[in-house]
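Student: File follows, final14.pdb with PDB, C-alpha atoms:
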ATOM      1  CA  MET A   1     -11.885   9.456   0.698
ATOM      2  CA  ARG A   2     -10.787   6.443  -1.335
ATOM      3  CA  THR A   3      -7.681   6.994  -3.435
ATOM      4  CA  CYS A   4      -5.909   5.028  -6.166
ATOM      5  CA  ILE A   5      -2.279   5.633  -7.120
ATOM      6  CA  ILE A   6      -1.429   4.365 -10.596
ATOM      7  CA  SER A   7       2.291   3.672 -10.524
ATOM      8  CA  GLY A   8       4.760   2.859 -13.278
ATOM      9  CA  GLY A   9       5.234  -0.881 -12.858
ATOM     10  CA  MET A  10       3.436  -3.607 -14.762
ATOM     11  CA  ILE A  11      -0.254  -2.889 -15.281
ATOM     12  CA  GLU A  12      -2.478  -5.579 -16.764
ATOM     13  CA  PRO A  13      -5.217  -3.631 -18.559
ATOM     14  CA  ASP A  14      -7.684  -6.536 -18.627
ATOM     15  CA  PHE A  15      -7.633  -6.454 -14.822
ATOM     16  CA  ALA A  16      -6.803  -2.833 -13.996
ATOM     17  CA  PHE A  17      -9.323  -1.009 -16.182
ATOM     18  CA  PRO A  18     -12.436  -2.934 -14.978
ATOM     19  CA  TYR A  19     -11.090  -2.747 -11.422
ATOM     20  CA  LEU A  20     -10.905   1.050 -11.606
ATOM     21  CA  GLN A  21     -14.418   1.253 -13.021
ATOM     22  CA  LYS A  22     -15.850  -1.015 -10.339
ATOM     23  CA  GLN A  23     -14.109   0.638  -7.398
ATOM     24  CA  GLN A  24     -15.074   4.234  -8.319
ATOM     25  CA  PHE A  25     -12.271   5.969  -6.429
ATOM     26  CA  ASP A  26     -12.664   9.549  -5.230
ATOM     27  CA  ILE A  27      -9.100  10.408  -6.306
ATOM     28  CA  ILE A  28      -6.897   8.890  -9.012
ATOM     29  CA  LEU A  29      -3.262  10.001  -8.917
ATOM     30  CA  ALA A  30      -1.052   9.045 -11.856
ATOM     31  CA  ALA A  31       2.617   8.747 -10.897
ATOM     32  CA  ASP A  32       5.115   9.119 -13.744
ATOM     33  CA  ARG A  33       4.752   6.209 -16.215
ATOM     34  CA  GLY A  34       1.407   5.316 -14.678
ATOM     35  CA  LEU A  35       0.135   8.189 -16.796
ATOM     36  CA  GLU A  36       0.794   6.080 -19.910
ATOM     37  CA  PHE A  37      -1.889   3.602 -18.840
ATOM     38  CA  CYS A  38      -4.293   6.511 -18.218
ATOM     39  CA  TYR A  39      -3.559   7.916 -21.672
ATOM     40  CA  HIS A  40      -4.245   4.667 -23.539
ATOM     41  CA  TYR A  41      -7.486   3.994 -21.645
ATOM     42  CA  GLN A  42      -8.750   7.573 -21.596
ATOM     43  CA  ILE A  43      -8.606   7.853 -17.814
ATOM     44  CA  MET A  44      -8.579  11.406 -16.506
ATOM     45  CA  PRO A  45      -6.559  11.479 -13.270
ATOM     46  CA  THR A  46      -7.329  13.886 -10.448
ATOM     47  CA  TYR A  47      -3.606  14.614  -9.985
ATOM     48  CA  ILE A  48      -0.445  13.903 -11.983
ATOM     49  CA  LEU A  49       3.110  13.953 -10.659
ATOM     50  CA  GLY A  50       6.586  12.568 -11.284
ATOM     51  CA  ASP A  51       9.915  13.325 -12.896
ATOM     52  CA  PHE A  52       8.548  11.806 -16.147
ATOM     53  CA  ASP A  53      11.947  10.449 -17.162
ATOM     54  CA  SER A  54      10.325   7.204 -18.352
ATOM     55  CA  LEU A  55       7.279   8.743 -20.034
ATOM     56  CA  SER A  56       6.824   9.787 -23.649
ATOM     57  CA  PRO A  57       6.803  13.613 -23.941
ATOM     58  CA  GLU A  58       3.784  13.261 -26.246
ATOM     59  CA  ILE A  59       1.702  11.816 -23.424
ATOM     60  CA  LEU A  60       2.727  14.431 -20.877
ATOM     61  CA  ASN A  61       2.093  17.226 -23.375
ATOM     62  CA  TYR A  62      -1.407  15.869 -24.049
ATOM     63  CA  TYR A  63      -2.340  16.278 -20.395
ATOM     64  CA  LYS A  64      -0.635  19.668 -20.188
ATOM     65  CA  GLU A  65      -2.431  20.999 -23.238
ATOM     66  CA  ASN A  66      -5.840  19.746 -22.114
ATOM     67  CA  HIS A  67      -5.499  20.958 -18.511
ATOM     68  CA  VAL A  68      -7.287  17.907 -17.161
ATOM     69  CA  ALA A  69      -5.462  17.827 -13.799
ATOM     70  CA  PRO A  70      -2.783  19.647 -11.784
ATOM     71  CA  ILE A  71       0.679  18.445 -12.836
ATOM     72  CA  ARG A  72       3.732  18.524 -10.543
ATOM     73  CA  GLU A  73       7.104  17.871 -12.169
ATOM     74  CA  PHE A  74      10.157  16.857 -10.153
ATOM     75  CA  ASN A  75      13.867  16.758 -10.899
ATOM     76  CA  PRO A  76      14.999  13.163 -11.600
ATOM     77  CA  MET A  77      17.847  13.792  -9.132
ATOM     78  CA  LYS A  78      15.694  13.393  -6.019
ATOM     79  CA  ASP A  79      15.682  11.353  -2.823
ATOM     80  CA  ASN A  80      12.273   9.720  -3.272
ATOM     81  CA  THR A  81      10.649   7.521  -5.873
ATOM     82  CA  ASP A  82       7.697   8.940  -7.790
ATOM     83  CA  THR A  83       5.367   6.512  -6.038
ATOM     84  CA  ASP A  84       6.671   7.565  -2.629
ATOM     85  CA  ILE A  85       6.003  11.224  -3.471
ATOM     86  CA  ALA A  86       2.535  10.254  -4.674
ATOM     87  CA  PHE A  87       1.927   8.337  -1.451
ATOM     88  CA  GLN A  88       2.916  11.322   0.670
ATOM     89  CA  GLN A  89       0.647  13.542  -1.424
ATOM     90  CA  VAL A  90      -2.482  11.413  -1.027
ATOM     91  CA  ILE A  91      -1.959  11.261   2.738
ATOM     92  CA  VAL A  92      -1.798  15.075   2.814
ATOM     93  CA  LEU A  93      -5.005  15.151   0.772
ATOM     94  CA  GLY A  94      -6.759  13.235   3.536
ATOM     95  CA  SER A  95      -7.157   9.795   1.981
ATOM     96  CA  SER A  96      -8.975   7.319   4.208
ATOM     97  CA  GLU A  97      -7.985   4.332   2.034
ATOM     98  CA  ILE A  98      -5.170   3.954  -0.514
ATOM     99  CA  THR A  99      -4.840   1.419  -3.343
ATOM    100  CA  ILE A 100      -1.765   1.157  -5.563
ATOM    101  CA  LEU A 101      -1.894  -0.287  -9.082
ATOM    102  CA  GLY A 102       1.290  -0.810 -11.098
ATOM    103  CA  ALA A 103       3.434  -1.614  -8.055
ATOM    104  CA  THR A 104       4.323  -5.181  -9.063
ATOM    105  CA  GLY A 105       5.838  -6.966 -12.029
ATOM    106  CA  GLY A 106       8.773  -4.612 -12.461
ATOM    107  CA  ARG A 107      11.875  -3.801 -10.439
ATOM    108  CA  LEU A 108      11.960  -5.417  -7.006
ATOM    109  CA  ASP A 109      13.679  -2.407  -5.426
ATOM    110  CA  HIS A 110      10.699  -0.236  -6.329
ATOM    111  CA  PHE A 111       8.283  -2.904  -5.116
ATOM    112  CA  LEU A 112      10.018  -3.158  -1.731
ATOM    113  CA  SER A 113       9.953   0.613  -1.337
ATOM    114  CA  ILE A 114       6.171   0.512  -1.901
ATOM    115  CA  VAL A 115       5.834  -2.137   0.820
ATOM    116  CA  GLN A 116       7.500   0.438   3.079
ATOM    117  CA  ASN A 117       4.789   2.877   1.999
ATOM    118  CA  LEU A 118       2.229   0.397   3.301
ATOM    119  CA  LYS A 119       3.960   0.610   6.667
ATOM    120  CA  THR A 120       3.750   4.406   6.574
ATOM    121  CA  ALA A 121      -0.011   4.139   6.031
ATOM    122  CA  TRP A 122      -0.288   1.507   8.788
ATOM    123  CA  GLU A 123       1.383   3.871  11.253
ATOM    124  CA  LYS A 124      -1.303   6.446  10.438
ATOM    125  CA  LYS A 125      -4.116   3.845  10.661
ATOM    126  CA  ILE A 126      -4.908   4.257   6.936
ATOM    127  CA  PRO A 127      -5.787   0.996   5.121
ATOM    128  CA  ALA A 128      -3.520   0.635   2.098
ATOM    129  CA  TYR A 129      -3.313  -2.054  -0.571
ATOM    130  CA  ILE A 130      -1.026  -3.158  -3.381
ATOM    131  CA  VAL A 131      -3.230  -4.838  -5.985
ATOM    132  CA  ASP A 132      -2.655  -6.696  -9.230
ATOM    133  CA  SER A 133      -4.543  -9.476 -11.024
ATOM    134  CA  ARG A 134      -3.197 -12.166  -8.688
ATOM    135  CA  ASN A 135      -2.429 -10.448  -5.400
ATOM    136  CA  LEU A 136      -3.792  -8.112  -2.776
ATOM    137  CA  ILE A 137      -1.093  -7.078  -0.285
ATOM    138  CA  THR A 138      -1.760  -5.088   2.869
ATOM    139  CA  ILE A 139      -0.743  -4.455   6.468
ATOM    140  CA  PRO A 140      -4.027  -4.665   8.393
ATOM    141  CA  VAL A 141      -4.499  -1.627  10.621
ATOM    142  CA  GLU A 142      -6.477  -3.614  13.196
ATOM    143  CA  THR A 143      -5.026  -6.359  15.407
ATOM    144  CA  SER A 144      -8.273  -8.323  15.175
ATOM    145  CA  PHE A 145     -10.306  -8.663  11.976
ATOM    146  CA  GLU A 146     -12.441 -10.984   9.856
ATOM    147  CA  ILE A 147     -12.225 -12.147   6.248
ATOM    148  CA  ARG A 148     -15.445 -13.364   4.652
ATOM    149  CA  LYS A 149     -14.758 -16.260   2.302
ATOM    150  CA  GLU A 150     -17.090 -14.839  -0.349
ATOM    151  CA  ASP A 151     -15.234 -11.505  -0.259
ATOM    152  CA  GLN A 152     -11.643 -12.734  -0.217
ATOM    153  CA  PHE A 153      -9.283 -11.892  -3.066
ATOM    154  CA  GLY A 154      -8.316 -15.233  -4.558
ATOM    155  CA  LYS A 155      -7.951 -18.643  -2.933
ATOM    156  CA  TYR A 156      -4.925 -18.260  -0.658
ATOM    157  CA  VAL A 157      -4.149 -16.124   2.382
ATOM    158  CA  SER A 158      -0.567 -15.776   3.648
ATOM    159  CA  PHE A 159       0.919 -13.922   6.607
ATOM    160  CA  PHE A 160       4.436 -12.574   7.241
ATOM    161  CA  PRO A 161       6.010 -10.579  10.075
ATOM    162  CA  LEU A 162       7.629  -7.364   8.827
ATOM    163  CA  GLU A 163       9.794  -7.005  11.909
ATOM    164  CA  LYS A 164      11.273  -9.522  14.368
ATOM    165  CA  GLU A 165       8.003 -11.313  15.061
ATOM    166  CA  VAL A 166       4.239 -11.156  15.245
ATOM    167  CA  ALA A 167       3.203 -12.059  18.760
ATOM    168  CA  SER A 168       0.386 -14.410  19.687
ATOM    169  CA  ILE A 169      -1.234 -14.757  16.264
ATOM    170  CA  THR A 170      -4.480 -16.730  16.149
ATOM    171  CA  LEU A 171      -6.067 -17.986  12.928
ATOM    172  CA  GLU A 172      -9.587 -19.415  13.064
ATOM    173  CA  GLY A 173     -11.669 -20.690  10.152
ATOM    174  CA  PHE A 174      -8.552 -21.587   8.167
ATOM    175  CA  ALA A 175      -7.390 -24.976   6.885
ATOM    176  CA  TYR A 176      -4.255 -24.476   9.007
ATOM    177  CA  PRO A 177      -5.306 -22.765  12.236
ATOM    178  CA  LEU A 178      -3.016 -21.242  14.846
ATOM    179  CA  ASP A 179      -3.650 -20.508  18.500
ATOM    180  CA  HIS A 180      -1.670 -17.665  20.075
ATOM    181  CA  HIS A 181       1.417 -18.604  18.082
ATOM    182  CA  CYS A 182       4.592 -16.524  17.987
ATOM    183  CA  LEU A 183       5.400 -16.001  14.288
ATOM    184  CA  PRO A 184       9.095 -15.064  13.874
ATOM    185  CA  ASN A 185      10.658 -13.609  10.751
ATOM    186  CA  THR A 186      12.574 -16.887  10.400
ATOM    187  CA  SER A 187       9.363 -18.918  10.069
ATOM    188  CA  GLY A 188       9.891 -19.620   6.368
ATOM    189  CA  GLY A 189       6.669 -20.859   4.809
ATOM    190  CA  LEU A 190       4.671 -21.572   7.963
ATOM    191  CA  CYS A 191       1.868 -19.111   7.127
ATOM    192  CA  VAL A 192       2.091 -19.267   3.336
ATOM    193  CA  SER A 193      -0.838 -20.497   1.191
ATOM    194  CA  ASN A 194      -3.401 -20.957   3.928
ATOM    195  CA  GLU A 195      -7.043 -21.310   2.871
ATOM    196  CA  ILE A 196     -10.330 -20.181   4.409
ATOM    197  CA  VAL A 197     -12.599 -23.146   5.104
ATOM    198  CA  GLU A 198     -15.433 -21.470   7.044
ATOM    199  CA  GLU A 199     -17.817 -18.733   5.883
ATOM    200  CA  THR A 200     -15.798 -16.249   7.923
ATOM    201  CA  ALA A 201     -12.176 -16.483   9.055
ATOM    202  CA  HIS A 202     -10.872 -14.647  12.119
ATOM    203  CA  VAL A 203      -7.373 -13.243  12.555
ATOM    204  CA  SER A 204      -5.933 -11.686  15.710
ATOM    205  CA  TYR A 205      -2.491 -10.943  17.103
ATOM    206  CA  GLU A 206      -1.023  -9.005  20.001
ATOM    207  CA  GLY A 207       2.078  -7.293  18.677
ATOM    208  CA  GLY A 208       4.319  -6.682  15.696
ATOM    209  CA  ILE A 209       3.583  -5.720  12.094
ATOM    210  CA  LEU A 210       1.632  -8.275  10.083
ATOM    211  CA  LEU A 211       1.846  -8.341   6.281
ATOM    212  CA  MET A 212      -1.081 -10.163   4.661
ATOM    213  CA  VAL A 213      -1.158 -11.401   1.068
ATOM    214  CA  GLN A 214      -4.349 -12.703  -0.515
ATOM    215  CA  SER A 215      -3.534 -14.377  -3.814
ATOM    216  CA  ARG A 216      -4.658 -16.661  -6.607
ATOM    217  CA  ASP A 217      -2.850 -18.698  -9.270
TER
END
Could you express the structure from this file as structure tokens?
Tutor:
Amino acid sequence: MRTCIISGGMIEPDFAFPYLQKQQFDIILAADRGLEFCYHYQIMPTYILGDFDSLSPEILNYYKENHVAPIREFNPMKDNTDTDIAFQQVIVLGSSEITILGATGGRLDHFLSIVQNLKTAWEKKIPAYIVDSRNLITIPVETSFEIRKEDQFGKYVSFFPLEKEVASITLEGFAYPLDHHCLPNTSGGLCVSNEIVEETAHVSYEGGILLMVQSRD
């Protein structure tokens, strides 16, 4: 079951609306101010939740009055962000893949907390992605995988260790290959802005948590 969480950060409609139409998600969950984007583009979410402290009452009332989806309201004095609550909810619902729109372009504290959500999904072997018009961010759930050049998101592929190191990482089919390299969290820009030069690139590693960013200018 493929799920999209629409969060309350920056959403670029020229990218996000066609992306939603193309992907055809099974579940769309609007979290707090993410509902504003749904309202303006006549998107009917499957679920709605949040404390709604940053949302116009007019918009929330529209969805309440039209009964288009279950709505869960939370006290603003809570221990979790709205996106974190949404993330927990879609895992409970049985999502097999999670995409988050509206995670970038706003406050960095909220963005970093969503990166932690990616780790939560990784621990449960659920592919999860943060997506905007220039970036696709994920923690691959497999320790060996391929990226087809024709399918990649943008021109560049970058890798970062989320903990102390990623052990024995190998990159094949890239402009800057690696062979069983230990990638520490002090590596700086070693694996930033790599490019795929073969039809298919291969990535493998033996330990650690690998954050991958596919991006374009």
Student: Report as a compact mmCIF listing (two decimals) with C-alpha atoms, in the frame of the given file the full result of the PyMOL selection byres ((chain A and resi 90) around 12) when it is applied to this structure.
Tutor:
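Now in expr.txt:
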# COMPACT_ATOMS: atom_id res chain seq x y z
CA MET A 1 -11.88 9.46 0.70
CA ARG A 2 -10.79 6.44 -1.34
CA THR A 3 -7.68 6.99 -3.44
CA CYS A 4 -5.91 5.03 -6.17
CA ILE A 5 -2.28 5.63 -7.12
CA ILE A 6 -1.43 4.36 -10.60
CA ASP A 26 -12.66 9.55 -5.23
CA ILE A 27 -9.10 10.41 -6.31
CA ILE A 28 -6.90 8.89 -9.01
CA LEU A 29 -3.26 10.00 -8.92
CA ALA A 30 -1.05 9.04 -11.86
CA ALA A 31 2.62 8.75 -10.90
CA THR A 46 -7.33 13.89 -10.45
CA TYR A 47 -3.61 14.61 -9.98
CA ILE A 48 -0.44 13.90 -11.98
CA LEU A 49 3.11 13.95 -10.66
CA THR A 83 5.37 6.51 -6.04
CA ASP A 84 6.67 7.56 -2.63
CA ILE A 85 6.00 11.22 -3.47
CA ALA A 86 2.54 10.25 -4.67
CA PHE A 87 1.93 8.34 -1.45
CA GLN A 88 2.92 11.32 0.67
CA GLN A 89 0.65 13.54 -1.42
CA ILE A 91 -1.96 11.26 2.74
CA VAL A 92 -1.80 15.08 2.81
CA LEU A 93 -5.00 15.15 0.77
CA GLY A 94 -6.76 13.24 3.54
CA SER A 95 -7.16 9.80 1.98
CA SER A 96 -8.98 7.32 4.21
CA GLU A 97 -7.98 4.33 2.03
CA ILE A 98 -5.17 3.95 -0.51
CA THR A 99 -4.84 1.42 -3.34
CA ILE A 100 -1.76 1.16 -5.56
CA ASN A 117 4.79 2.88 2.00
CA ALA A 121 -0.01 4.14 6.03
CA ILE A 126 -4.91 4.26 6.94
CA ALA A 128 -3.52 0.64 2.10
Student: Residues at most 7 Å from range 55-64 of chain A, counting only C-alpha atoms, excluding those fewer than 5 positions away in the same chain, as an MDAnalysis selection string?
Tutor: chainID A and resid 32:33 36 39
Student: Distance CA of Gly207 in chain A-CA of Cys182 in chain A, one decimal place?
Tutor: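 Here the two named atoms are 9.6 Å from each other.
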Student: Take CA of Pro70 in chain A and CA of Gln21 in chain A and report the distance between them in Å, one decimal.
Tutor: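 CA of Pro70 in chain A sits 21.8 Å away from CA of Gln21 in chain A.
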Student: I'd like the neighbourhood of Ser168 in chain A as a ChimeraX atom specification, where a residue qualifies if any of its atoms comes within 9 Å (using all atoms listed in the file), though same-chain residues fewer than 2 positions away should be ignored.
Tutor: /A:166,170,179-183,204-207
Student: Here is a test: counting all atoms listed in the file, which residue of A:Glu12, A:Glu163, A:Glu73, A:Glu195 is nearest to Arg148 in chain A?
Tutor: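 Of A:Glu12, A:Glu163, A:Glu73, A:Glu195, the one nearest Arg148 in chain A, counting all atoms listed in the file, is A:Glu195.
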Student: Within 6 Å of (4.8, -11.9, 7.2), in the coordinates the file gives, what residues turn up when you count all atoms listed in the file, written out as a list in words?
Tutor: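 Within the cut-off we find Phe159, Phe160, Pro161, Leu162, Leu210 and Leu211 of chain A.
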Student: Under the PyMOL selection byres ((chain A and resi 217) around 10), which residues of this model are included? Write them out as a ChimeraX atom specification.
Tutor: /A:133-135,154-156,215-216
Student: Which residue, A:Val115, A:Met212, A:Leu171, A:Leu178, has the smallest gap to Val141 in chain A when you use only C-alpha atoms?
Tutor: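 Answer, going by the shortest atom-to-atom distance: A:Met212.
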Student: What do you get, as a VMD selection string, if you spell out every residue that the PyMOL selection byres ((chain A and resi 151) around 12) selects here?
Tutor: chain A and resid 146 to 150 152 to 155 196 199 to 201 214
Student: Tell me, in Å to one decimal, how far CA of Gln23 in chain A is from CA of Gly9 in chain A.
Tutor: 20.2 Å
Student: Given the choices A:Pro13, A:Val131, A:Gly189, A:Phe25, which gets closest to Thr104 in chain A if the distance is worked out from all atoms listed in the file?
Tutor: A:Val131
Student: From the options A:His202, A:Leu118, A:Asp14, A:Tyr176, which residue's atoms come nearest to Leu190 in chain A, counting only C-alpha atoms?
Tutor: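 Smallest distance to Leu190 in chain A is found for A:Tyr176.
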Student: Given 3 Å on each side, where is the centre and what are the edge lengths in Å to one decimal of the axis-aligned box enclosing the listed atoms of range 124-142 of chain A, as lines of an AutoDock Vina configuration file?
Tutor:
center_x = -3.6
center_y = -2.9
center_z = 1.1
size_x = 11.7
size_y = 24.6
size_z = 30.2
